[in-house]
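Some notes on the structure that comes next.
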Amino acid sequence: MSSVSPVQSDLLTQKSFRFDKASDGRDMAILKVLEIGNEVLSIAAGRVERITPRHRKLAENLIETMYSTPGSVGIAAPQVGVSESLFVLDVSGHKKTNICHGLIVLFNPEILAASEPTIIREGCMSVPHLTGDVRRASQVVARGIDLNGEERIIQTDAFEARGLLHEIDHLEGKLFIDRIDGPHALFKRKRYM
Ligand SMILES: [Zn+2]
């Protein structure tokens, strides 16, 4: 999930896979983010039965890709072409955040409980030119598996709840535009150059 940032759309249209240097000198991989129309975005991701070193590396790359994209607060594995049930999310410091768990890395997430929905504008790295008014629960309880293979239950609200639901949608092959009430709820992303 991404917030609506004026600079984001321009950065996202570069669509490049590239290597960068992390602040500690390590090489880090910034993954290419697939856009709407790519089949992987519209199919349900497979469950991860066992977390392998490949999954840890994928999680690390997703985290680096998320943090390297201004305005982005989450990304799911299908968005980089991997149809496996994994997402990363970090809404720390965002003005719409209330409860905050910091960096969340979750495999095979599922929603255990969700409150009545509210409608809020949101965007997505895979839909770079549009934002939409999307109805989602403002409080959720979700369960998944963390990087250590331990079960994790997350109870949250506000922006973090919306982020969780947005990312879980990606794992079910849904984009935010599949949840809007109609074309009137879609908006061109503003560009300031
Ligand atoms: Zn998204």
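Identifiers in the structure tokens: chain A, B, ... in order shown; residue index from 1 per chain; ligand index from 1 in order shown.
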Every residue of chain A that DSSP places in helix (DSSP H, G or I), as an MDAnalysis selection string:
chainID A and resid 8:12 39:42 53:68 77:80 158:171 176:178 183:185
Can you pull out every residue with an atom within 8 Å of ligand 1? Use only C-alpha atoms and all ligand atoms and format it as a ChimeraX atom specification.
/A:1-2,74-76,79,123-127,166-167,170,175-176
Give me a file of those residues, with C-alpha atoms, as a PDB file, in the first residue's frame.
ATOM      1  CA  MET A   1       0.000   0.000   0.000  1.00  0.00           C
ATOM      2  CA  SER A   2       1.163   3.501  -0.597  1.00  0.00           C
ATOM      3  CA  GLY A  74       3.902  -1.802   1.983  1.00  0.00           C
ATOM      4  CA  ILE A  75       4.469  -4.291  -0.796  1.00  0.00           C
ATOM      5  CA  ALA A  76       3.343  -7.865  -1.433  1.00  0.00           C
ATOM      6  CA  GLN A  79       3.839  -7.200  -6.979  1.00  0.00           C
ATOM      7  CA  GLY A 123      -2.965   4.250  -3.818  1.00  0.00           C
ATOM      8  CA  CYS A 124      -0.738   1.372  -4.863  1.00  0.00           C
ATOM      9  CA  MET A 125       2.659   0.988  -6.498  1.00  0.00           C
ATOM     10  CA  SER A 126       1.060  -1.362  -9.038  1.00  0.00           C
ATOM     11  CA  VAL A 127      -1.544   1.251 -10.037  1.00  0.00           C
ATOM     12  CA  HIS A 166      -4.592  -3.784   1.136  1.00  0.00           C
ATOM     13  CA  GLU A 167      -1.612  -6.171   1.207  1.00  0.00           C
ATOM     14  CA  HIS A 170      -2.748  -8.471  -3.195  1.00  0.00           C
ATOM     15  CA  LEU A 175      -6.187  -4.521  -6.382  1.00  0.00           C
ATOM     16  CA  PHE A 176      -7.816  -1.521  -4.707  1.00  0.00           C
TER      17      PHE A 176
END
Would you mind reading off the distance between atom CA of A:Glu151 and atom CA of A:Tyr67, one decimal, in Å?
24.8 Å
Nearest-residue call for A:Ala185, choices A:Pro128, A:Glu160, A:Asn148, A:Arg121, using only C-alpha atoms:
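That would be A:Arg121, the residue with the smallest distance to A:Ala185.
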What's the 10 Å shell around A:Glu49, counting only C-alpha atoms, without same-chain residues fewer than 4 positions away, as a ChimeraX atom specification?
/A:85,107-108,149
Selection to disk with N, CA and C atoms, as a short mmCIF file (atom, residue, chain, number, x, y, z; two decimals), in the first residue's frame:
data_model
loop_
_atom_site.label_atom_id
_atom_site.label_comp_id
_atom_site.auth_asym_id
_atom_site.auth_seq_id
_atom_site.Cartn_x
_atom_site.Cartn_y
_atom_site.Cartn_z
N SER A 85 2.51 -16.22 -0.70
CA SER A 85 1.80 -15.43 0.29
C SER A 85 2.76 -14.77 1.29
N PHE A 107 3.84 -14.01 6.47
CA PHE A 107 3.53 -15.06 5.50
C PHE A 107 2.12 -15.60 5.79
N ASN A 108 1.45 -16.04 4.75
CA ASN A 108 0.13 -16.70 4.86
C ASN A 108 -0.84 -15.95 5.77
N GLY A 149 9.13 -18.18 11.53
CA GLY A 149 8.20 -19.31 11.45
C GLY A 149 7.23 -19.36 12.61
#
Env of A:Val82: 12 Å cut, atoms = only C-alpha atoms, seq-sep filter 2 positions within chain, self excluded. Answer as an mmCIF file with N, CA and C atoms, in the first residue's frame.
data_model
loop_
_atom_site.group_PDB
_atom_site.id
_atom_site.type_symbol
_atom_site.label_atom_id
_atom_site.label_comp_id
_atom_site.auth_asym_id
_atom_site.auth_seq_id
_atom_site.Cartn_x
_atom_site.Cartn_y
_atom_site.Cartn_z
ATOM 1 N N LEU A 31 13.540 -4.096 -6.300
ATOM 2 C CA LEU A 31 12.855 -4.942 -7.267
ATOM 3 C C LEU A 31 11.916 -4.133 -8.158
ATOM 4 N N LYS A 32 11.770 -4.610 -9.375
ATOM 5 C CA LYS A 32 10.823 -3.994 -10.301
ATOM 6 C C LYS A 32 9.402 -4.328 -9.849
ATOM 7 N N VAL A 33 8.561 -3.307 -9.766
ATOM 8 C CA VAL A 33 7.179 -3.513 -9.326
ATOM 9 C C VAL A 33 6.273 -3.653 -10.548
ATOM 10 N N LEU A 34 5.531 -4.761 -10.588
ATOM 11 C CA LEU A 34 4.623 -5.012 -11.711
ATOM 12 C C LEU A 34 3.413 -4.092 -11.629
ATOM 13 N N ASN A 38 -0.728 -7.021 -15.382
ATOM 14 C CA ASN A 38 0.116 -8.212 -15.277
ATOM 15 C C ASN A 38 -0.669 -9.321 -14.568
ATOM 16 N N GLU A 39 -0.634 -10.494 -15.155
ATOM 17 C CA GLU A 39 -1.469 -11.600 -14.664
ATOM 18 C C GLU A 39 -1.189 -11.977 -13.204
ATOM 19 N N VAL A 40 0.062 -11.876 -12.815
ATOM 20 C CA VAL A 40 0.425 -12.291 -11.442
ATOM 21 C C VAL A 40 -0.348 -11.487 -10.394
ATOM 22 N N LEU A 41 -0.723 -10.260 -10.753
ATOM 23 C CA LEU A 41 -1.438 -9.406 -9.798
ATOM 24 C C LEU A 41 -2.882 -9.830 -9.608
ATOM 25 N N ILE A 43 -4.007 -13.178 -9.616
ATOM 26 C CA ILE A 43 -4.219 -14.561 -9.175
ATOM 27 C C ILE A 43 -3.861 -14.690 -7.686
ATOM 28 N N ALA A 44 -4.505 -15.652 -7.033
ATOM 29 C CA ALA A 44 -4.246 -15.859 -5.606
ATOM 30 C C ALA A 44 -2.843 -16.441 -5.423
ATOM 31 N N ALA A 45 -2.115 -15.900 -4.451
ATOM 32 C CA ALA A 45 -0.756 -16.374 -4.173
ATOM 33 C C ALA A 45 -0.804 -17.705 -3.424
ATOM 34 N N GLY A 46 0.204 -18.528 -3.632
ATOM 35 C CA GLY A 46 0.275 -19.825 -2.947
ATOM 36 C C GLY A 46 0.750 -19.685 -1.511
ATOM 37 N N ARG A 47 0.275 -20.582 -0.661
ATOM 38 C CA ARG A 47 0.747 -20.597 0.730
ATOM 39 C C ARG A 47 2.231 -20.954 0.785
ATOM 40 N N VAL A 48 2.923 -20.416 1.759
ATOM 41 C CA VAL A 48 4.330 -20.770 1.971
ATOM 42 C C VAL A 48 4.350 -21.836 3.069
ATOM 43 N N ARG A 54 15.549 -18.587 0.561
ATOM 44 C CA ARG A 54 15.036 -17.805 -0.569
ATOM 45 C C ARG A 54 13.916 -16.857 -0.115
ATOM 46 N N HIS A 55 13.064 -17.327 0.794
ATOM 47 C CA HIS A 55 11.995 -16.464 1.298
ATOM 48 C C HIS A 55 12.558 -15.316 2.137
ATOM 49 N N LEU A 58 13.897 -12.824 -0.272
ATOM 50 C CA LEU A 58 12.787 -12.114 -0.898
ATOM 51 C C LEU A 58 12.222 -11.063 0.053
ATOM 52 N N ALA A 59 12.033 -11.438 1.329
ATOM 53 C CA ALA A 59 11.510 -10.491 2.321
ATOM 54 C C ALA A 59 12.444 -9.286 2.445
ATOM 55 N N LEU A 62 12.040 -7.107 -0.564
ATOM 56 C CA LEU A 62 10.759 -6.385 -0.510
ATOM 57 C C LEU A 62 10.864 -5.197 0.448
ATOM 58 N N ILE A 75 4.386 -3.627 0.503
ATOM 59 C CA ILE A 75 4.469 -4.291 -0.796
ATOM 60 C C ILE A 75 4.284 -5.801 -0.567
ATOM 61 N N ALA A 76 3.612 -6.429 -1.526
ATOM 62 C CA ALA A 76 3.343 -7.865 -1.433
ATOM 63 C C ALA A 76 4.125 -8.588 -2.527
ATOM 64 N N ALA A 77 4.477 -9.857 -2.262
ATOM 65 C CA ALA A 77 5.329 -10.616 -3.185
ATOM 66 C C ALA A 77 4.790 -10.656 -4.628
ATOM 67 N N PRO A 78 3.471 -10.816 -4.841
ATOM 68 C CA PRO A 78 2.995 -10.836 -6.243
ATOM 69 C C PRO A 78 3.342 -9.558 -7.015
ATOM 70 N N GLN A 79 3.505 -8.458 -6.302
ATOM 71 C CA GLN A 79 3.839 -7.200 -6.979
ATOM 72 C C GLN A 79 5.227 -7.213 -7.607
ATOM 73 N N VAL A 80 6.069 -8.155 -7.183
ATOM 74 C CA VAL A 80 7.381 -8.287 -7.822
ATOM 75 C C VAL A 80 7.442 -9.603 -8.596
ATOM 76 N N GLU A 84 3.556 -15.898 -4.104
ATOM 77 C CA GLU A 84 3.614 -16.582 -2.814
ATOM 78 C C GLU A 84 3.089 -15.629 -1.749
ATOM 79 N N SER A 85 2.511 -16.221 -0.703
ATOM 80 C CA SER A 85 1.796 -15.427 0.291
ATOM 81 C C SER A 85 2.755 -14.772 1.290
ATOM 82 N N LEU A 86 3.182 -13.587 0.962
ATOM 83 C CA LEU A 86 4.109 -12.810 1.797
ATOM 84 C C LEU A 86 3.935 -11.332 1.494
ATOM 85 N N PHE A 87 3.896 -10.524 2.554
ATOM 86 C CA PHE A 87 3.953 -9.073 2.345
ATOM 87 C C PHE A 87 4.785 -8.433 3.445
ATOM 88 N N HIS A 170 -3.721 -8.112 -2.150
ATOM 89 C CA HIS A 170 -2.748 -8.471 -3.195
ATOM 90 C C HIS A 170 -2.528 -9.980 -3.229
ATOM 91 N N LEU A 171 -2.513 -10.605 -2.058
ATOM 92 C CA LEU A 171 -2.250 -12.043 -1.977
ATOM 93 C C LEU A 171 -3.451 -12.856 -2.445
ATOM 94 N N GLY A 173 -5.125 -11.737 -5.127
ATOM 95 C CA GLY A 173 -5.280 -11.351 -6.528
ATOM 96 C C GLY A 173 -6.176 -10.143 -6.749
#
Can you tell me which residues surround A:Ile180 at a distance of at most 7 Å, considering only C-alpha atoms, apart from same-chain residues fewer than 5 positions away, and format the answer as a list in words?
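The contact residues come out as Gly132, Asp133, Val134 and Ala185 of chain A.
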Mind pulling up the distance from atom CA of A:Pro183 to atom CA of A:Glu110?
28.9 Å
Write down as an NGL selection string the residues of stretch 51-136 of chain A whose backbone DSSP state falls under strand (DSSP E or B).
:A and (72 or 74-76 or 84 or 86-89 or 104-114 or 117-124 or 127-136)
Please provide the set of residues having any atom within 10 Å of A:Val91, restricted to only C-alpha atoms, with same-chain residues fewer than 3 positions apart removed, written as a VMD selection string.
chain A and resid 1 to 3 71 to 74 94 to 104 159 to 161 163
Keeping only N, CA and C atoms, write the selected residues as a PDB file, in the first residue's frame.
ATOM      1  N   MET A   1       0.847  -1.180   0.000  1.00  0.00           N
ATOM      2  CA  MET A   1       0.000   0.000   0.000  1.00  0.00           C
ATOM      3  C   MET A   1       0.882   1.229   0.000  1.00  0.00           C
ATOM      4  N   SER A   2       0.394   2.271  -0.619  1.00  0.00           N
ATOM      5  CA  SER A   2       1.163   3.501  -0.597  1.00  0.00           C
ATOM      6  C   SER A   2       0.248   4.646  -0.259  1.00  0.00           C
ATOM      7  N   SER A   3       0.775   5.665   0.346  1.00  0.00           N
ATOM      8  CA  SER A   3      -0.019   6.854   0.562  1.00  0.00           C
ATOM      9  C   SER A   3       0.064   7.680  -0.709  1.00  0.00           C
ATOM     10  N   GLY A  71       6.888   7.380  -0.053  1.00  0.00           N
ATOM     11  CA  GLY A  71       5.438   7.287   0.042  1.00  0.00           C
ATOM     12  C   GLY A  71       4.923   5.869   0.164  1.00  0.00           C
ATOM     13  N   SER A  72       5.776   4.874  -0.118  1.00  0.00           N
ATOM     14  CA  SER A  72       5.310   3.492  -0.046  1.00  0.00           C
ATOM     15  C   SER A  72       5.389   2.990   1.387  1.00  0.00           C
ATOM     16  N   VAL A  73       4.330   2.323   1.835  1.00  0.00           N
ATOM     17  CA  VAL A  73       4.334   1.769   3.190  1.00  0.00           C
ATOM     18  C   VAL A  73       4.157   0.250   3.193  1.00  0.00           C
ATOM     19  N   GLY A  74       4.065  -0.349   2.005  1.00  0.00           N
ATOM     20  CA  GLY A  74       3.902  -1.802   1.983  1.00  0.00           C
ATOM     21  C   GLY A  74       4.036  -2.349   0.573  1.00  0.00           C
ATOM     22  N   HIS A  94       3.626   7.711   9.796  1.00  0.00           N
ATOM     23  CA  HIS A  94       2.633   8.259   8.877  1.00  0.00           C
ATOM     24  C   HIS A  94       1.556   9.005   9.660  1.00  0.00           C
ATOM     25  N   LYS A  95       1.093  10.092   9.115  1.00  0.00           N
ATOM     26  CA  LYS A  95       0.165  10.939   9.881  1.00  0.00           C
ATOM     27  C   LYS A  95      -1.180  10.272  10.154  1.00  0.00           C
ATOM     28  N   LYS A  96      -1.549   9.283   9.351  1.00  0.00           N
ATOM     29  CA  LYS A  96      -2.839   8.616   9.579  1.00  0.00           C
ATOM     30  C   LYS A  96      -2.702   7.365  10.449  1.00  0.00           C
ATOM     31  N   THR A  97      -1.474   7.098  10.941  1.00  0.00           N
ATOM     32  CA  THR A  97      -1.245   5.901  11.754  1.00  0.00           C
ATOM     33  C   THR A  97      -1.668   6.130  13.194  1.00  0.00           C
ATOM     34  N   ASN A  98      -2.326   5.138  13.787  1.00  0.00           N
ATOM     35  CA  ASN A  98      -2.619   5.170  15.219  1.00  0.00           C
ATOM     36  C   ASN A  98      -1.814   4.040  15.879  1.00  0.00           C
ATOM     37  N   ILE A  99      -2.388   2.842  15.990  1.00  0.00           N
ATOM     38  CA  ILE A  99      -1.600   1.705  16.466  1.00  0.00           C
ATOM     39  C   ILE A  99      -0.518   1.408  15.427  1.00  0.00           C
ATOM     40  N   CYS A 100       0.718   1.118  15.900  1.00  0.00           N
ATOM     41  CA  CYS A 100       1.800   0.855  14.951  1.00  0.00           C
ATOM     42  C   CYS A 100       2.706  -0.263  15.466  1.00  0.00           C
ATOM     43  N   HIS A 101       2.880  -1.290  14.661  1.00  0.00           N
ATOM     44  CA  HIS A 101       3.754  -2.408  15.032  1.00  0.00           C
ATOM     45  C   HIS A 101       5.133  -2.296  14.376  1.00  0.00           C
ATOM     46  N   GLY A 102       5.444  -1.152  13.783  1.00  0.00           N
ATOM     47  CA  GLY A 102       6.735  -1.027  13.098  1.00  0.00           C
ATOM     48  C   GLY A 102       6.749  -1.880  11.841  1.00  0.00           C
ATOM     49  N   LEU A 103       7.898  -2.463  11.554  1.00  0.00           N
ATOM     50  CA  LEU A 103       8.002  -3.304  10.358  1.00  0.00           C
ATOM     51  C   LEU A 103       7.290  -4.644  10.589  1.00  0.00           C
ATOM     52  N   ILE A 104       6.379  -4.960   9.691  1.00  0.00           N
ATOM     53  CA  ILE A 104       5.658  -6.246   9.752  1.00  0.00           C
ATOM     54  C   ILE A 104       6.039  -7.057   8.528  1.00  0.00           C
ATOM     55  N   PHE A 159      -4.605   3.428   9.865  1.00  0.00           N
ATOM     56  CA  PHE A 159      -3.808   3.270   8.634  1.00  0.00           C
ATOM     57  C   PHE A 159      -3.121   1.911   8.561  1.00  0.00           C
ATOM     58  N   GLU A 160      -2.711   1.376   9.713  1.00  0.00           N
ATOM     59  CA  GLU A 160      -2.056   0.071   9.695  1.00  0.00           C
ATOM     60  C   GLU A 160      -3.063  -1.031   9.328  1.00  0.00           C
ATOM     61  N   ALA A 161      -4.304  -0.904   9.819  1.00  0.00           N
ATOM     62  CA  ALA A 161      -5.345  -1.874   9.463  1.00  0.00           C
ATOM     63  C   ALA A 161      -5.604  -1.825   7.951  1.00  0.00           C
ATOM     64  N   GLY A 163      -3.562  -0.818   5.653  1.00  0.00           N
ATOM     65  CA  GLY A 163      -2.390  -1.366   4.968  1.00  0.00           C
ATOM     66  C   GLY A 163      -2.409  -2.890   4.962  1.00  0.00           C
TER      67      GLY A 163
END
As an exercise, work out the distance from atom CA of A:Ser83 to atom CA of A:Glu172 in Å and give it to one decimal place.
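Those two atoms sit 9.8 Å apart.
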Out of A:Met28, A:Val140, A:Val105, A:Ile120, which residue has the shortest atom-to-atom distance to A:Thr65 when counting only C-alpha atoms?
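Among A:Met28, A:Val140, A:Val105, A:Ile120, it is A:Met28 that comes nearest to A:Thr65.
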